[in-house]
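What follows is the content of run.csv, which has CSV, C-alpha atoms:
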chain,number,residue,atom,x,y,z
A,1,MET,CA,7.9,-7.9,-25.7
A,2,LYS,CA,8.9,-10.3,-22.9
A,3,LYS,CA,6.1,-12.5,-21.6
A,4,ALA,CA,5.6,-14.0,-18.1
A,5,ILE,CA,3.1,-16.2,-16.4
A,6,ILE,CA,2.8,-15.8,-12.6
A,7,ILE,CA,0.8,-18.3,-10.5
A,8,GLY,CA,-0.4,-16.5,-7.4
A,9,ALA,CA,0.0,-12.8,-8.2
A,10,THR,CA,-3.2,-11.4,-6.7
A,11,SER,CA,-1.5,-10.7,-3.4
A,12,GLY,CA,1.7,-11.0,-1.5
A,13,ILE,CA,5.1,-11.7,-3.1
A,14,GLY,CA,3.6,-12.7,-6.5
A,15,GLN,CA,1.8,-9.4,-6.8
A,16,GLU,CA,5.0,-7.4,-5.9
A,17,VAL,CA,7.0,-9.3,-8.6
A,18,ALA,CA,4.2,-8.7,-11.1
A,19,LYS,CA,4.4,-4.9,-10.4
A,20,CYS,CA,8.1,-5.0,-11.1
A,21,LEU,CA,7.7,-6.8,-14.4
A,22,LEU,CA,5.0,-4.5,-15.5
A,23,LEU,CA,7.2,-1.5,-14.9
A,24,ASP,CA,9.9,-3.2,-16.9
A,25,GLY,CA,7.5,-3.6,-19.9
A,26,TRP,CA,6.6,-7.3,-19.6
A,27,GLN,CA,3.3,-8.7,-20.9
A,28,ILE,CA,2.1,-10.9,-18.0
A,29,GLY,CA,-0.5,-13.6,-17.5
A,30,VAL,CA,-1.8,-13.7,-13.9
A,31,VAL,CA,-3.3,-16.8,-12.2
A,32,GLY,CA,-5.3,-16.8,-9.0
A,33,ARG,CA,-8.3,-18.5,-7.4
A,34,ARG,CA,-10.5,-15.4,-7.1
A,35,GLN,CA,-11.9,-13.9,-10.3
A,36,SER,CA,-12.7,-10.6,-8.6
A,37,ALA,CA,-9.1,-10.2,-7.4
A,38,LEU,CA,-7.8,-11.0,-10.8
A,39,GLU,CA,-10.1,-8.4,-12.4
A,40,ASN,CA,-8.9,-5.7,-9.9
A,41,LEU,CA,-5.3,-6.4,-10.8
A,42,GLN,CA,-6.0,-6.4,-14.5
A,43,ARG,CA,-7.6,-2.9,-14.3
A,44,ALA,CA,-4.2,-1.5,-13.2
A,45,ALA,CA,-2.7,-2.3,-16.6
A,46,PRO,CA,-5.3,-3.8,-19.0
A,47,ASP,CA,-2.9,-3.7,-22.0
A,48,GLN,CA,-0.3,-5.7,-20.3
A,49,ILE,CA,-2.2,-8.2,-18.1
A,50,GLN,CA,-4.2,-11.3,-19.1
A,51,ILE,CA,-6.0,-13.3,-16.3
A,52,GLN,CA,-7.1,-16.8,-15.6
A,53,ALA,CA,-8.9,-18.1,-12.5
A,54,LEU,CA,-7.8,-21.6,-11.5
A,55,ASP,CA,-7.1,-23.8,-8.4
A,56,VAL,CA,-3.8,-25.6,-8.6
A,57,THR,CA,-5.2,-28.6,-6.7
A,58,GLN,CA,-7.8,-29.2,-9.4
A,59,GLU,CA,-7.2,-31.6,-12.3
A,60,ASP,CA,-8.1,-29.0,-14.9
A,61,ALA,CA,-5.4,-26.5,-13.7
A,62,GLY,CA,-2.9,-27.6,-16.3
A,63,GLU,CA,-5.4,-27.1,-19.1
A,64,LYS,CA,-6.3,-23.7,-17.8
A,65,LEU,CA,-2.7,-22.7,-17.5
A,66,ASN,CA,-2.2,-23.5,-21.2
A,67,MET,CA,-5.2,-21.5,-22.0
A,68,LEU,CA,-3.6,-18.5,-20.3
A,69,ILE,CA,-0.3,-19.0,-22.2
A,70,ASP,CA,-2.3,-18.8,-25.4
A,71,LYS,CA,-4.0,-15.6,-24.3
A,72,VAL,CA,-0.7,-14.0,-23.5
A,73,GLY,CA,0.8,-15.2,-26.8
A,74,GLY,CA,3.5,-17.4,-25.3
A,75,MET,CA,5.7,-17.6,-22.2
A,76,ASP,CA,9.3,-16.7,-21.6
A,77,LEU,CA,9.2,-16.8,-17.8
A,78,PHE,CA,7.1,-19.0,-15.5
A,79,LEU,CA,6.9,-18.1,-11.8
A,80,LEU,CA,5.1,-20.2,-9.3
A,81,SER,CA,4.3,-18.1,-6.2
A,82,SER,CA,1.4,-20.2,-4.9
A,83,GLY,CA,1.6,-22.1,-1.7
A,84,ILE,CA,0.2,-22.4,1.8
A,85,GLY,CA,1.7,-23.1,5.2
A,86,PHE,CA,0.6,-23.3,8.8
A,87,GLN,CA,2.0,-23.9,12.3
A,88,ASN,CA,0.5,-27.2,13.3
A,89,THR,CA,2.0,-28.6,16.4
A,90,ASN,CA,-1.2,-30.5,17.1
A,91,LEU,CA,-0.8,-32.3,13.8
A,92,ASN,CA,-4.3,-31.5,12.6
A,93,MET,CA,-4.6,-34.0,9.7
A,94,GLU,CA,-6.7,-31.8,7.5
A,95,VAL,CA,-4.1,-29.0,7.8
A,96,GLU,CA,-1.2,-31.3,6.9
A,97,LEU,CA,-2.9,-32.9,4.0
A,98,ASN,CA,-4.2,-29.6,2.5
A,99,THR,CA,-0.7,-28.2,2.7
A,100,ALA,CA,0.5,-31.3,0.8
A,101,TYR,CA,-2.3,-31.0,-1.8
A,102,THR,CA,-1.3,-27.4,-2.6
A,103,ASN,CA,2.5,-27.5,-2.2
A,104,VAL,CA,3.1,-30.9,-3.7
A,105,GLU,CA,0.2,-31.9,-5.9
A,106,GLY,CA,-0.5,-28.4,-7.1
A,107,PHE,CA,3.2,-27.6,-7.5
A,108,ILE,CA,3.8,-30.7,-9.7
A,109,ARG,CA,0.8,-29.9,-11.8
A,110,MET,CA,1.8,-26.3,-12.5
A,111,VAL,CA,5.6,-26.9,-12.8
A,112,ASP,CA,5.3,-29.9,-15.1
A,113,THR,CA,2.9,-28.0,-17.4
A,114,ALA,CA,5.4,-25.2,-17.7
A,115,PHE,CA,8.3,-27.6,-18.3
A,116,ILE,CA,6.4,-29.4,-21.1
A,117,TYR,CA,5.5,-26.0,-22.7
A,118,PHE,CA,9.2,-24.9,-22.6
A,119,ARG,CA,10.3,-28.3,-24.0
A,120,LYS,CA,7.9,-27.9,-27.0
A,121,SER,CA,8.6,-24.2,-27.5
A,122,GLY,CA,12.4,-24.3,-27.5
A,123,GLY,CA,13.2,-23.1,-23.9
A,124,GLY,CA,12.4,-20.6,-21.3
A,125,HIS,CA,12.9,-19.7,-17.6
A,126,LEU,CA,11.2,-21.7,-14.9
A,127,ALA,CA,11.2,-20.2,-11.4
A,128,VAL,CA,9.5,-21.1,-8.2
A,129,ILE,CA,9.2,-19.5,-4.8
A,130,SER,CA,9.9,-22.2,-2.1
A,131,SER,CA,11.3,-21.2,1.3
A,132,ILE,CA,14.3,-21.5,3.6
A,133,ALA,CA,12.0,-23.8,5.6
A,134,GLY,CA,13.1,-26.6,3.2
A,135,THR,CA,16.6,-26.5,4.7
A,136,LYS,CA,15.6,-28.3,7.9
A,137,GLY,CA,12.5,-29.9,9.3
A,138,LEU,CA,10.7,-27.4,11.5
A,139,GLY,CA,8.7,-29.0,14.3
A,140,VAL,CA,6.2,-26.2,14.5
A,141,ALA,CA,5.3,-26.7,10.8
A,142,PRO,CA,6.0,-30.3,9.6
A,143,ALA,CA,4.1,-30.4,6.4
A,144,TYR,CA,5.2,-26.9,5.3
A,145,SER,CA,8.9,-27.5,5.8
A,146,ALA,CA,8.7,-31.0,4.2
A,147,THR,CA,6.8,-29.8,1.2
A,148,LYS,CA,9.3,-27.0,0.7
A,149,ARG,CA,12.2,-29.5,0.8
A,150,PHE,CA,10.2,-31.5,-1.8
A,151,GLN,CA,10.0,-28.4,-4.1
A,152,ASN,CA,13.8,-27.8,-3.8
A,153,THR,CA,14.5,-31.4,-4.8
A,154,TYR,CA,11.9,-31.4,-7.6
A,155,ILE,CA,13.5,-28.4,-9.3
A,156,ASP,CA,16.9,-30.1,-8.9
A,157,ALA,CA,15.5,-33.1,-10.7
A,158,LEU,CA,13.9,-31.1,-13.5
A,159,GLU,CA,17.2,-29.3,-14.1
A,160,GLN,CA,19.0,-32.6,-14.5
A,161,LEU,CA,16.2,-33.9,-16.8
A,162,SER,CA,16.4,-30.7,-18.9
A,163,TYR,CA,20.2,-31.2,-19.3
A,164,LEU,CA,19.7,-34.9,-20.2
A,165,GLN,CA,17.2,-34.0,-22.9
A,166,LYS,CA,19.4,-31.1,-24.1
A,167,LEU,CA,16.7,-28.5,-23.4
A,168,ASN,CA,17.3,-24.7,-23.2
A,169,ILE,CA,15.5,-24.3,-19.8
A,170,ARG,CA,16.9,-22.1,-17.0
A,171,PHE,CA,15.8,-22.7,-13.4
A,172,THR,CA,15.5,-20.4,-10.3
A,173,ASP,CA,14.6,-21.6,-6.8
A,174,ILE,CA,13.7,-18.6,-4.7
A,175,ARG,CA,13.9,-19.2,-0.9
A,176,PRO,CA,12.7,-16.3,1.2
A,177,GLY,CA,12.5,-16.2,5.0
A,178,PHE,CA,9.5,-14.7,6.8
A,179,VAL,CA,7.7,-12.1,4.6
A,180,ALA,CA,4.9,-9.8,5.8
A,181,THR,CA,2.1,-11.2,3.7
A,182,ASP,CA,-1.5,-12.5,4.4
A,183,LEU,CA,0.0,-15.9,4.9
A,184,LEU,CA,1.7,-14.7,8.2
A,185,ASN,CA,-1.2,-12.5,9.3
A,186,ASP,CA,-2.2,-14.9,12.1
A,187,GLY,CA,-1.3,-12.9,15.1
A,188,LYS,CA,1.9,-14.7,15.9
A,189,HIS,CA,5.3,-13.1,16.1
A,190,TYR,CA,7.8,-13.9,13.3
A,191,PRO,CA,11.5,-12.9,13.6
A,192,LEU,CA,13.3,-11.1,10.9
A,193,LEU,CA,10.1,-10.2,9.1
A,194,MET,CA,10.7,-8.7,5.6
A,195,ASP,CA,8.7,-6.2,3.6
A,196,ALA,CA,6.9,-7.8,0.7
A,197,ALA,CA,7.6,-5.0,-1.8
A,198,LYS,CA,11.4,-5.2,-1.0
A,199,VAL,CA,11.3,-8.9,-1.4
A,200,GLY,CA,9.5,-8.6,-4.7
A,201,ARG,CA,12.1,-6.2,-6.1
A,202,HIS,CA,14.9,-8.6,-5.0
A,203,ILE,CA,13.2,-11.5,-6.8
A,204,ALA,CA,12.7,-9.5,-10.0
A,205,TRP,CA,16.4,-8.5,-9.9
A,206,SER,CA,17.3,-12.2,-9.4
A,207,LEU,CA,15.0,-13.4,-12.2
A,208,GLU,CA,16.5,-10.9,-14.6
A,209,ARG,CA,20.0,-12.4,-13.9
A,210,LYS,CA,18.6,-15.9,-14.0
A,211,GLN,CA,20.2,-16.8,-10.7
A,212,ARG,CA,19.9,-20.5,-9.8
A,213,ILE,CA,19.2,-20.4,-6.0
A,214,VAL,CA,18.2,-17.2,-4.3
A,215,VAL,CA,18.0,-16.9,-0.5
A,216,ILE,CA,16.3,-13.7,0.6
A,217,ASP,CA,17.8,-11.7,2.4
A,218,TRP,CA,21.4,-11.5,3.7
A,219,ARG,CA,20.4,-12.3,7.2
A,220,TYR,CA,18.7,-15.5,6.1
A,221,ARG,CA,21.7,-16.4,4.0
A,222,ILE,CA,23.8,-16.4,7.1
A,223,LEU,CA,21.1,-18.3,9.1
A,224,VAL,CA,20.8,-21.0,6.4
A,225,PHE,CA,24.6,-21.4,6.2
A,226,PHE,CA,24.7,-22.2,9.9
A,227,TRP,CA,21.5,-24.3,9.9
A,228,LYS,CA,23.1,-26.7,7.4
A,229,MET,CA,26.0,-27.2,9.8
A,230,ILE,CA,23.9,-28.2,12.8
A,231,PRO,CA,24.0,-32.0,13.4
A,232,ARG,CA,20.7,-33.9,13.8
A,233,TRP,CA,21.2,-34.7,17.5
A,234,MET,CA,21.5,-31.0,18.2
A,235,TRP,CA,18.8,-29.8,15.8
A,236,LYS,CA,16.1,-31.9,17.4
A,237,ARG,CA,16.8,-30.2,20.8
A,238,LEU,CA,16.5,-26.6,19.5
A,239,PRO,CA,13.4,-24.8,20.7
A,240,VAL,CA,12.4,-23.4,17.3
A,241,LYS,CA,9.3,-21.3,17.8
A,242,THR,CA,7.7,-18.2,16.3
A,243,ASN,CA,5.3,-17.2,19.1
Since I need it in another form, could you write the structure as C-alpha cells?
Amino acid sequence: MKKAIIIGATSGIGQEVAKCLLLDGWQIGVVGRRQSALENLQRAAPDQIQIQALDVTQEDAGEKLNMLIDKVGGMDLFLLSSGIGFQNTNLNMEVELNTAYTNVEGFIRMVDTAFIYFRKSGGGHLAVISSIAGTKGLGVAPAYSATKRFQNTYIDALEQLSYLQKLNIRFTDIRPGFVATDLLNDGKHYPLLMDAAKVGRHIAWSLERKQRIVVIDWRYRILVFFWKMIPRWMWKRLPVKTN
C-alpha cells in the first residue's frame, strides 16, 4: 500500500488532496495544528489515516513528523500544504514576520526532515504547494510573494543536491492561483477564484505523474507566461490589486 504524509490536510487544498489519495487506496499520515480537526478527519477513514498534531514553526516539529512517519510505517510521498499569506500594504511587522516564520522557517524544517528521511530510506517523492505569487513581487503582499519565491528556489536547490548525492528523490512544485479556501475568506474580491475540490483533483493527478512544476489552472499558466515577460520598469507601475 502506498503511503503519504500531508502537512496541512485538515482543511483547504491539503484536505482535498487527502480525499483523492484515500479514494485511490493510499495510507496517509495527516499533520495539522488542531487535534480536534485531525480527529474529525481520521473518523472518516480510521483504517487509512494516522494523525499528528504539530506546529511547523516549533523546534520539535521535525521530531513529531518522524513520529508520524513511524506510525504510518514509512513514506513514499511527502506533500507540504501548510502556509499563510496576507495582504499587508501597511507593512504590519508582525504580519510580515509571522508569514516568514511559517513559509520559510517552517517550510525548511518540514522539507528538510522529509529529504533526510528519503535519503536514508532509498528515495521518494517530495512535493510542496507554493504559489504563482513567487513569480513576481506583489506589492499588496510582500512577505507572501517573497516567501513563495524562496520556496520555489529551495526546491530547485534540493533537486540539485539530490542529483549530486545520487539520490532517488523526485520533486514537484505546485503553484496554484487563487483558490477558494479559508485563507482567502477575508471579504476581499479575488479574480479567477478556483474551486478547492477541483484543484485538489488536479494536484492528485499531477502527483501521480510526478510532474516537476505544476501551475494550476490553464488561465494562470497563461498569466504566469506573460508575467515573466514584463520588464521591471513596467511591473512596478502595474496597479496589482485584489479589492
For Phe171 in chain A, list every protein, DNA or RNA residue within 8 Å, evaluated using all atoms listed in the file, and leave out those in the same chain fewer than 6 positions away; present the list as a list of chain:residue names.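 Neighbouring residues, sequence-local ones excluded: A:His125, A:Leu126, A:Ala127, A:Ile155, A:Glu159, A:Lys210, A:Gln211, A:Arg212.
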Gap from CA of Arg34 in chain A to CA of Gly62 in chain A - Å, one decimal: 17.1 Å
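Computed from the coordinates, the CA of Val128 in chain A to CA of Leu223 in chain A distance equals 21.0 Å.
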Residues within 12 Å of Arg170 in chain A, all atoms listed in the file, excluding chain neighbours under 5 positions, as a PyMOL selection string: chain A and resi 76-79+114-115+118-119+122-128+155-156+158-163+207-213
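Counting only C-alpha atoms, the residue from A:Thr153, A:Gln27, A:Ser82, A:Asn98 that sits nearest to Gly8 in chain A is A:Ser82.
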From the set A:Val31, A:Ile108, A:Ile203, A:Ala53, which residue has the shortest atom-to-atom contact distance to Gln151 in chain A, counting all atoms listed in the file? A:Ile108
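Take the candidates A:Thr113, A:Ile129, A:Tyr101, A:Lys120 and check each one against Glu63 in chain A using all atoms listed in the file; the shortest distance goes to A:Thr113.
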